[in-house]
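What follows is a set of notes on a single structure, which appears directly below.
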Amino acid sequence: MAGHTIPHFQNDGGHQAIEIGVKEFMCTGASVPYDHPHIFIDLGHDVEKVCPYCSTLYRYNPNLKATETNPPGCVFHVKAA
């Protein structure tokens, strides 16, 4: 299974806001089986947006890498079958 190049984020912790280091990403809601449709979100010129499915506020933080979040642990990893 090939990995994805667009970072995917999840909110298992029910955080009100998650800081991320990218402006284009996928929101999965929570980990499988509690995820919602994985949707592409593009911040464009904005620094924050709310996911229309799970209401998580994503906030761009240029000091974070694509694989980092604040709070930590919100990067979604595809588990091998």
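Quick note on naming: the chains in the structure tokens go A, B, ... in the order shown, residues restart at 1 in each chain, and ligands are numbered from 1 in order of appearance.
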
Discussion item. Can you tell me, as a VMD selection string, which residues in chain A count as strand (DSSP E) by DSSP?
Written reply: chain A and resid 8 to 10 17 to 20 24 to 29 39 to 42 48 to 50 57 to 60 69 to 70

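Using only C-alpha atoms, the protein and nucleic acid residues lying no more than 7 Å from region 38-43 of chain A, apart from those fewer than 5 places from it along its own chain, are A:Lys23, A:Glu24, A:Phe25, A:Met26, A:Cys27, A:Thr28, A:Glu48, A:Lys49.
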
Keeping only N, CA, C and O atoms, write the selected residues as a PDB file, in the first residue's frame.
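Result went into selection.pdb, see below:
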ATOM      1  N   LYS A  23      -0.704  23.841   4.943  1.00  0.00           N
ATOM      2  CA  LYS A  23      -1.929  24.557   4.590  1.00  0.00           C
ATOM      3  C   LYS A  23      -2.876  23.718   3.741  1.00  0.00           C
ATOM      4  O   LYS A  23      -3.997  24.136   3.475  1.00  0.00           O
ATOM      5  N   GLU A  24      -2.441  22.552   3.306  1.00  0.00           N
ATOM      6  CA  GLU A  24      -3.292  21.615   2.566  1.00  0.00           C
ATOM      7  C   GLU A  24      -3.189  20.261   3.259  1.00  0.00           C
ATOM      8  O   GLU A  24      -2.095  19.740   3.451  1.00  0.00           O
ATOM      9  N   PHE A  25      -4.346  19.693   3.604  1.00  0.00           N
ATOM     10  CA  PHE A  25      -4.343  18.465   4.395  1.00  0.00           C
ATOM     11  C   PHE A  25      -5.695  17.787   4.298  1.00  0.00           C
ATOM     12  O   PHE A  25      -6.650  18.322   3.730  1.00  0.00           O
ATOM     13  N   MET A  26      -5.771  16.598   4.875  1.00  0.00           N
ATOM     14  CA  MET A  26      -7.017  15.846   4.966  1.00  0.00           C
ATOM     15  C   MET A  26      -7.398  15.738   6.438  1.00  0.00           C
ATOM     16  O   MET A  26      -6.546  15.470   7.283  1.00  0.00           O
ATOM     17  N   CYS A  27      -8.679  15.926   6.719  1.00  0.00           N
ATOM     18  CA  CYS A  27      -9.207  15.685   8.061  1.00  0.00           C
ATOM     19  C   CYS A  27      -9.965  14.365   8.015  1.00  0.00           C
ATOM     20  O   CYS A  27     -10.782  14.139   7.121  1.00  0.00           O
ATOM     21  N   THR A  28      -9.686  13.508   8.993  1.00  0.00           N
ATOM     22  CA  THR A  28     -10.355  12.198   9.062  1.00  0.00           C
ATOM     23  C   THR A  28     -11.343  12.127  10.218  1.00  0.00           C
ATOM     24  O   THR A  28     -12.042  11.135  10.358  1.00  0.00           O
ATOM     25  N   GLU A  48      -6.581  29.660   9.588  1.00  0.00           N
ATOM     26  CA  GLU A  48      -7.353  28.652  10.290  1.00  0.00           C
ATOM     27  C   GLU A  48      -8.665  28.384   9.570  1.00  0.00           C
ATOM     28  O   GLU A  48      -9.192  29.241   8.863  1.00  0.00           O
ATOM     29  N   LYS A  49      -9.147  27.144   9.744  1.00  0.00           N
ATOM     30  CA  LYS A  49     -10.433  26.716   9.177  1.00  0.00           C
ATOM     31  C   LYS A  49     -11.024  25.645  10.063  1.00  0.00           C
ATOM     32  O   LYS A  49     -10.309  24.895  10.720  1.00  0.00           O
TER      33      LYS A  49
END

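Across the model, the gap from CA of Gly14 (chain A) to CA of Ala66 (chain A) is 20.5 Å.
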
Discussion item. Give me, as a list in words, all polymer residues having an atom no more than 10 Å from Ala30 (chain A), counting only C-alpha atoms and skipping those fewer than 5 positions away in the same chain.
Written reply: Phe9, Gln10, Asn11, Asp12, Gly13, Gly14, Asp35, His36, His38, Cys54, Cys74 and Phe76 of chain A

Fill in: Among the residues A:Ile20, A:Ser31, A:Ile6, A:His15, the one that comes closest to Val47 (chain A) [using only C-alpha atoms]
A:Ile20

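Between CA of Val78 (chain A) and CA of Arg59 (chain A) lies a distance of 22.8 Å.
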
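Atom to atom, CA of Val50 (chain A) and CA of Leu64 (chain A) stand 18.9 Å apart.
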